[in-house]
$ cat entry_0.txt   # compact mmCIF, C-alpha atoms
# COMPACT_ATOMS: atom_id res chain seq x y z
CA ASN B 199 -13.40 40.77 -3.47
CA ARG B 200 -10.84 38.02 -3.01
CA LYS B 201 -9.17 39.73 -0.07
CA GLN B 202 -12.50 40.02 1.77
CA LEU B 203 -13.27 36.39 1.02
CA VAL B 204 -10.00 35.36 2.70
CA GLN B 205 -10.84 37.53 5.70
CA LEU B 206 -14.30 35.97 6.03
CA SER B 207 -12.83 32.47 5.69
CA ARG B 208 -10.43 33.24 8.53
CA ILE B 209 -13.29 34.43 10.75
CA LEU B 210 -15.26 31.23 10.09
CA HIS B 211 -12.13 29.12 10.63
CA ASP B 212 -11.45 30.71 14.01
CA ARG B 213 -15.07 30.33 15.14
CA THR B 214 -15.12 26.67 14.14
CA ILE B 215 -11.82 25.89 15.89
CA ASP B 216 -12.93 27.69 19.07
CA ARG B 217 -16.20 25.75 19.13
CA LEU B 218 -14.46 22.41 18.65
CA LEU B 219 -11.92 23.13 21.39
CA ASP B 220 -14.80 23.94 23.75
CA GLU B 221 -16.48 20.65 22.75
CA GLY B 222 -13.45 18.57 23.73
CA VAL B 223 -11.56 18.19 20.44
CA THR B 224 -7.78 18.60 20.70
CA ILE B 225 -6.27 20.53 17.79
CA ILE B 226 -2.49 20.72 18.08
CA ASP B 227 -1.97 23.71 15.77
CA PRO B 228 -5.15 25.59 14.80
CA ASP B 229 -3.29 27.79 12.30
CA SER B 230 -2.32 24.81 10.12
CA THR B 231 -5.56 22.85 10.54
CA PHE B 232 -8.64 23.44 8.38
CA ILE B 233 -12.01 22.00 9.44
CA SER B 234 -15.39 22.74 7.84
CA ASP B 235 -18.23 23.89 10.07
CA THR B 236 -20.25 20.91 8.77
CA VAL B 237 -17.94 18.30 10.34
CA LYS B 238 -19.29 16.53 13.46
CA PHE B 239 -16.94 15.32 16.22
CA GLU B 240 -17.37 13.28 19.34
CA ARG B 241 -15.16 14.17 22.31
CA ASP B 242 -11.46 13.41 22.72
CA VAL B 243 -10.53 13.43 19.05
CA LEU B 244 -6.93 14.49 18.38
CA VAL B 245 -6.10 16.40 15.18
CA TYR B 246 -2.47 16.93 14.18
CA PRO B 247 -1.19 19.80 11.99
CA PHE B 248 -1.62 20.16 8.22
CA THR B 249 -4.90 18.26 8.24
CA TYR B 250 -8.05 19.13 6.25
CA ILE B 251 -11.43 17.74 7.31
CA GLU B 252 -14.33 18.79 5.12
CA GLY B 253 -17.89 18.07 4.03
CA TYR B 254 -20.40 16.04 5.99
CA THR B 255 -17.81 14.02 7.87
CA THR B 256 -18.43 12.43 11.28
CA ILE B 257 -15.59 11.38 13.60
CA GLY B 258 -15.91 9.14 16.65
CA ALA B 259 -14.39 9.55 20.11
CA GLY B 260 -10.72 8.76 20.62
CA THR B 261 -9.79 8.98 16.95
CA VAL B 262 -6.45 10.47 15.90
CA ILE B 263 -6.14 12.21 12.52
CA GLY B 264 -2.96 13.52 10.93
CA PRO B 265 -0.52 14.94 10.46
CA GLN B 266 -0.95 15.75 6.77
CA SER B 267 -4.28 14.05 6.18
CA TYR B 268 -7.37 14.93 4.12
CA VAL B 269 -10.82 13.60 5.00
CA THR B 270 -14.06 14.58 3.26
CA ASP B 271 -17.66 13.32 3.37
CA SER B 272 -16.67 10.24 5.37
CA GLU B 273 -17.83 8.32 8.44
CA ILE B 274 -14.95 7.64 10.82
CA GLY B 275 -15.51 5.41 13.85
CA ARG B 276 -14.06 5.48 17.36
CA ASN B 277 -10.39 4.97 18.21
CA VAL B 278 -9.34 5.09 14.56
CA VAL B 279 -5.85 6.27 13.56
CA ILE B 280 -5.40 8.07 10.22
CA VAL B 281 -1.84 9.12 9.36
CA MET B 282 -0.78 11.06 6.23
CA SER B 283 -3.68 9.73 4.16
CA TYR B 284 -6.50 10.79 1.80
CA LEU B 285 -10.08 9.65 2.48
CA SER B 286 -13.10 10.56 0.36
CA SER B 287 -16.72 9.40 0.76
CA CYS B 288 -15.79 6.25 2.69
CA ILE B 289 -16.53 4.50 5.99
CA VAL B 290 -13.93 3.41 8.55
CA ARG B 291 -15.16 1.35 11.52
CA ASP B 292 -13.81 1.39 15.08
CA HIS B 293 -10.18 0.61 16.01
CA SER B 294 -8.84 0.56 12.46
CA ARG B 295 -5.56 2.09 11.34
CA ILE B 296 -5.13 3.92 8.03
CA GLY B 297 -1.78 5.01 6.61
CA PRO B 298 0.67 6.42 6.18
CA TYR B 299 0.05 7.27 2.52
CA SER B 300 -3.20 5.35 2.11
CA HIS B 301 -5.93 6.39 -0.35
CA LEU B 302 -9.53 5.43 0.43
CA ARG B 303 -11.77 6.31 -2.51
CA PRO B 304 -15.58 6.56 -2.62
CA GLU B 305 -17.57 3.53 -1.41
CA ALA B 306 -14.67 2.00 0.47
CA ILE B 307 -16.00 0.39 3.67
CA ILE B 308 -13.35 -0.56 6.20
CA GLY B 309 -14.41 -2.87 9.04
CA GLU B 310 -13.22 -2.93 12.65
CA ASN B 311 -9.58 -3.63 13.53
CA VAL B 312 -8.42 -3.39 9.92
CA HIS B 313 -4.92 -2.23 8.96
CA ILE B 314 -4.60 -0.32 5.67
CA GLY B 315 -0.93 0.55 5.29
CA ASN B 316 1.49 2.60 3.24
CA PHE B 317 0.71 3.18 -0.43
CA VAL B 318 -2.51 1.14 -0.37
CA GLU B 319 -5.51 2.24 -2.46
CA ILE B 320 -9.03 0.97 -1.77
CA LYS B 321 -11.91 1.74 -4.13
CA LYS B 322 -15.55 0.64 -3.92
CA SER B 323 -14.68 -2.34 -1.74
CA VAL B 324 -15.73 -3.87 1.58
CA ILE B 325 -12.85 -4.90 3.84
CA ASP B 326 -14.10 -7.00 6.75
CA GLU B 327 -12.95 -7.16 10.37
CA GLY B 328 -9.33 -7.95 11.23
CA THR B 329 -7.96 -7.89 7.68
CA LYS B 330 -4.49 -6.51 6.95
CA ILE B 331 -3.41 -4.82 3.70
CA ASN B 332 -0.16 -3.26 4.79
CA HIS B 333 1.92 -2.42 1.72
CA LEU B 334 1.75 -1.23 -1.88
CA SER B 335 -1.57 -2.74 -2.97
CA TYR B 336 -4.67 -1.84 -4.99
CA VAL B 337 -8.05 -3.31 -4.06
CA GLY B 338 -10.94 -2.19 -6.27
CA ASP B 339 -14.50 -3.50 -6.71
CA ALA B 340 -13.83 -6.23 -4.17
CA LYS B 341 -15.29 -7.95 -1.12
CA VAL B 342 -12.64 -9.08 1.35
CA GLY B 343 -13.62 -11.28 4.28
CA ARG B 344 -12.47 -11.44 7.90
CA LYS B 345 -8.83 -11.86 8.93
CA VAL B 346 -7.46 -11.92 5.40
CA ASN B 347 -3.78 -11.10 4.89
CA ILE B 348 -2.96 -9.39 1.60
CA GLY B 349 0.75 -9.26 0.81
CA ALA B 350 2.73 -6.36 -0.63
CA GLY B 351 2.14 -5.52 -4.28
CA THR B 352 -1.19 -7.33 -4.62
CA ILE B 353 -3.55 -6.01 -7.33
CA THR B 354 -7.19 -6.74 -8.08
CA ALA B 355 -7.25 -6.24 -11.84
CA ASN B 356 -10.85 -5.08 -11.94
CA TYR B 357 -11.07 -3.35 -15.36
CA ASP B 358 -11.06 -5.31 -18.62
CA GLY B 359 -11.28 -2.27 -20.89
CA ALA B 360 -15.07 -2.30 -21.05
CA ARG B 361 -16.42 -2.93 -17.55
CA LYS B 362 -15.43 -3.13 -13.89
CA ASN B 363 -15.43 -6.68 -12.51
CA ARG B 364 -15.63 -7.98 -8.95
CA THR B 365 -13.11 -9.88 -6.83
CA VAL B 366 -14.16 -11.88 -3.75
CA ILE B 367 -11.59 -12.96 -1.16
CA GLU B 368 -13.19 -15.09 1.53
CA SER B 369 -12.30 -15.09 5.23
CA GLY B 370 -8.92 -16.37 6.37
CA ALA B 371 -7.32 -16.33 2.92
CA SER B 372 -3.66 -15.40 2.53
CA ILE B 373 -2.65 -13.57 -0.64
CA GLY B 374 1.08 -13.73 -1.39
CA SER B 375 3.15 -10.70 -2.30
CA GLY B 376 2.85 -9.62 -5.92
CA THR B 377 -0.33 -11.59 -6.62
CA VAL B 378 -2.55 -10.34 -9.46
CA LEU B 379 -6.22 -11.34 -9.19
CA ILE B 380 -7.88 -10.84 -12.57
CA ALA B 381 -11.57 -10.22 -11.94
CA PRO B 382 -14.12 -11.67 -11.92
CA VAL B 383 -12.60 -14.23 -9.58
CA THR B 384 -13.20 -15.73 -6.11
CA ILE B 385 -10.55 -16.84 -3.63
CA GLY B 386 -12.02 -19.38 -1.23
CA LYS B 387 -11.94 -19.50 2.55
CA LYS B 388 -8.40 -19.99 3.96
CA ALA B 389 -6.96 -20.41 0.46
CA VAL B 390 -3.38 -19.33 -0.23
CA THR B 391 -1.66 -17.81 -3.26
CA GLY B 392 2.12 -17.88 -3.58
CA ALA B 393 4.23 -14.81 -4.22
CA GLY B 394 3.88 -13.57 -7.80
CA ALA B 395 0.84 -15.71 -8.62
CA ILE B 396 -1.37 -14.63 -11.54
CA VAL B 397 -4.96 -15.83 -11.08
CA PRO B 398 -6.90 -15.56 -14.39
CA LYS B 399 -10.51 -14.44 -14.51
CA HIS B 400 -13.14 -17.13 -13.81
CA HIS B 401 -10.41 -19.42 -12.40
CA ASP B 402 -11.77 -19.48 -8.86
CA ILE B 403 -9.57 -20.91 -6.10
CA PRO B 404 -11.42 -23.35 -3.82
CA PRO B 405 -11.30 -23.14 -0.02
CA HIS B 406 -8.07 -24.32 1.69
CA ALA B 407 -6.23 -24.74 -1.64
CA VAL B 408 -2.71 -23.45 -2.36
CA PHE B 409 -2.09 -21.96 -5.81
CA VAL B 410 1.22 -20.72 -7.25
CA GLY B 411 2.68 -19.63 -10.58
CA MET B 412 1.71 -17.81 -13.79
CA PRO B 413 -1.04 -18.73 -14.44
CA ALA B 414 -1.74 -19.97 -10.93
CA ARG B 415 -2.05 -23.75 -10.52
CA GLU B 416 -2.88 -25.84 -7.46
CA ILE B 417 0.00 -27.54 -5.66
CA LYS B 418 -1.88 -28.86 -2.66
CA SER B 419 -5.07 -28.57 -0.66
CA GLU B 420 -4.70 -27.93 3.04
CA LYS B 421 -8.20 -29.34 3.54
CA LYS B 422 -7.28 -32.62 1.87
CA ASN B 423 -4.05 -32.87 3.84
CA ASN B 424 -5.90 -32.43 7.08
CA GLN B 425 -8.44 -35.16 6.35
$ encode --input "entry_0.txt" --output "structure tokens"
Amino acid sequence: NRKQLVQLSRILHDRTIDRLLDEGVTIIDPDSTFISDTVKFERDVLVYPFTYIEGYTTIGAGTVIGPQSYVTDSEIGRNVVIVMSYLSSCIVRDHSRIGPYSHLRPEAIIGENVHIGNFVEIKKSVIDEGTKINHLSYVGDAKVGRKVNIGAGTITANYDGARKNRTVIESGASIGSGTVLIAPVTIGKKAVTGAGAIVPKHHDIPPHAVFVGMPAREIKSEKKNNQ
């Protein structure tokens, strides 16, 4: 019956926690932490209270998870920090920071040394090394290059009512706060969009260019100025 099921779940919970503690995982409060027996840890992981880790998840050494986080069926690298966030069927590489209040949906791939901050949602996107998406943004069906800075309130408008479309942001680009990128669209290497820019679909921004306005228009090219 239901009461026996709860009792059996508690037995399995206690056995799993005891095994993980013996294997070098630090669990601050076992009574408020729930970890499936299928989860694989390396040593010296720290798990804070009110955290759920489920499914076929793997977690690398030195990673810190919680408090108040949920991770399922994901691959988490070494020395990652995940705070108050929800991760499902995603990959997070070494030395990245997630949260607080981030949502990584299936097929999100987060590279090394990436910052995904508060109220940021990533879906079916590759975020390359050193990129920062720190505030209030949605990135879906996108490929984001190395050392890109995405300002607060940026949206990749990936759905046109019939199909999902792709956004590409090349390495070194800077996306101003409140920018809307209407896919399909490509932002070139080291290009810049001003705050509040609306970039229409198929209106690709070339490398080193600066675009502002609604719809976005070019005001200068850093590449031309440097020549």
$ residues_around --input "entry_0.txt" --residues "stretch 212-216 of chain B" --least-positions-apart "3" --cutoff "9 Å" --atoms "only C-alpha atoms" --output "number ranges by chain"
B: 207-209, 219-221, 223, 225, 228-229, 231-235
$ closest_atom_pairs --input "entry_0.txt" --of "stretch 366-412 of chain B" --to "stretch 348-353 of chain B" --cutoff "7 Å" --atoms "all atoms listed in the file" --output "JSON lines"
{"residue": "B:Ser372", "atom": "CA", "partner": "B:Ile348", "partner_atom": "CA", "distance": 6.1}
{"residue": "B:Ile373", "atom": "CA", "partner": "B:Ile348", "partner_atom": "CA", "distance": 4.8}
{"residue": "B:Gly374", "atom": "CA", "partner": "B:Gly349", "partner_atom": "CA", "distance": 5.0}
{"residue": "B:Ser375", "atom": "CA", "partner": "B:Gly349", "partner_atom": "CA", "distance": 4.2}
{"residue": "B:Gly376", "atom": "CA", "partner": "B:Gly351", "partner_atom": "CA", "distance": 4.5}
{"residue": "B:Thr377", "atom": "CA", "partner": "B:Thr352", "partner_atom": "CA", "distance": 4.8}
{"residue": "B:Val378", "atom": "CA", "partner": "B:Ile353", "partner_atom": "CA", "distance": 4.9}
{"residue": "B:Leu379", "atom": "CA", "partner": "B:Ile353", "partner_atom": "CA", "distance": 6.2}
$ residues_around --input "entry_0.txt" --residues "B:Asn356" --least-positions-apart "5" --cutoff "7 Å" --atoms "only C-alpha atoms" --output "PyMOL selection string"
chain B and resi 338-339+362-364+380-381
$ atom_distance --input "entry_0.txt" --atom1 "atom CA of B:Ile296" --atom2 "atom CA of B:Pro247"
16.8 Å
$ atom_distance --input "entry_0.txt" --atom1 "atom CA of B:Arg200" --atom2 "atom CA of B:Thr255"
27.3 Å
$ closest_atom_pairs --input "entry_0.txt" --of "stretch 204-272 of chain B" --to "stretch 280-293 of chain B" --cutoff "9 Å" --atoms "all atoms listed in the file" --output "tab-separated table"
residue	atom	partner	partner_atom	distance
B:Thr249	CA	B:Met282	CA	8.5
B:Thr255	CA	B:Ser287	CA	8.5
B:Gly258	CA	B:Asp292	CA	8.2
B:Thr261	CA	B:Ile280	CA	8.1
B:Val262	CA	B:Ile280	CA	6.3
B:Ile263	CA	B:Ile280	CA	4.8
B:Gly264	CA	B:Val281	CA	4.8
B:Pro265	CA	B:Met282	CA	5.7
B:Gln266	CA	B:Met282	CA	4.7
B:Ser267	CA	B:Met282	CA	4.6
B:Tyr268	CA	B:Tyr284	CA	4.8
B:Val269	CA	B:Leu285	CA	4.7
B:Thr270	CA	B:Ser286	CA	5.0
B:Asp271	CA	B:Ser287	CA	4.8
B:Ser272	CA	B:Ser287	CA	4.7
$ atom_distance --input "entry_0.txt" --atom1 "atom CA of B:Lys330" --atom2 "atom CA of B:Ser300"
12.9 Å
$ residues_around --input "entry_0.txt" --residues "B:Ile367" --least-positions-apart "4" --cutoff "10 Å" --atoms "only C-alpha atoms" --output "list in words"
Ile325, Ala340, Lys341, Val342, Gly343, Arg344, Val346, Ile348, Ala371, Ser372, Ile373, Leu379, Val383, Thr384, Ile385, Gly386, Lys387, Lys388, Ala389 and Ile403 of chain B
$ closest_residue --input "entry_0.txt" --among "B:Ala306, B:Phe409, B:Lys399, B:Val204" --to "B:Asp358" --atoms "all atoms listed in the file"
B:Lys399
$ residues_near_point --input "entry_0.txt" --point "(-9.3, 16.8, 19.7)" --cutoff "7 Å" --atoms "only C-alpha atoms" --output "VMD selection string"
chain B and resid 222 to 225 241 to 245
$ closest_residue --input "entry_0.txt" --among "B:His211, B:Ser230, B:Gly297, B:Asn311" --to "B:Asn277" --atoms "only C-alpha atoms"
B:Asn311
$ closest_residue --input "entry_0.txt" --among "B:Glu240, B:Glu305, B:Glu310, B:Asp402" --to "B:Val324" --atoms "only C-alpha atoms"
B:Glu305
$ residues_around --input "entry_0.txt" --residues "B:Phe317" --least-positions-apart "5" --cutoff "8 Å" --atoms "only C-alpha atoms" --output "ChimeraX atom specification"
/B:297-301,333-335
$ closest_residue --input "entry_0.txt" --among "B:Thr236, B:Arg295, B:Ile226, B:Val410" --to "B:Phe248" --atoms "all atoms listed in the file"
B:Ile226
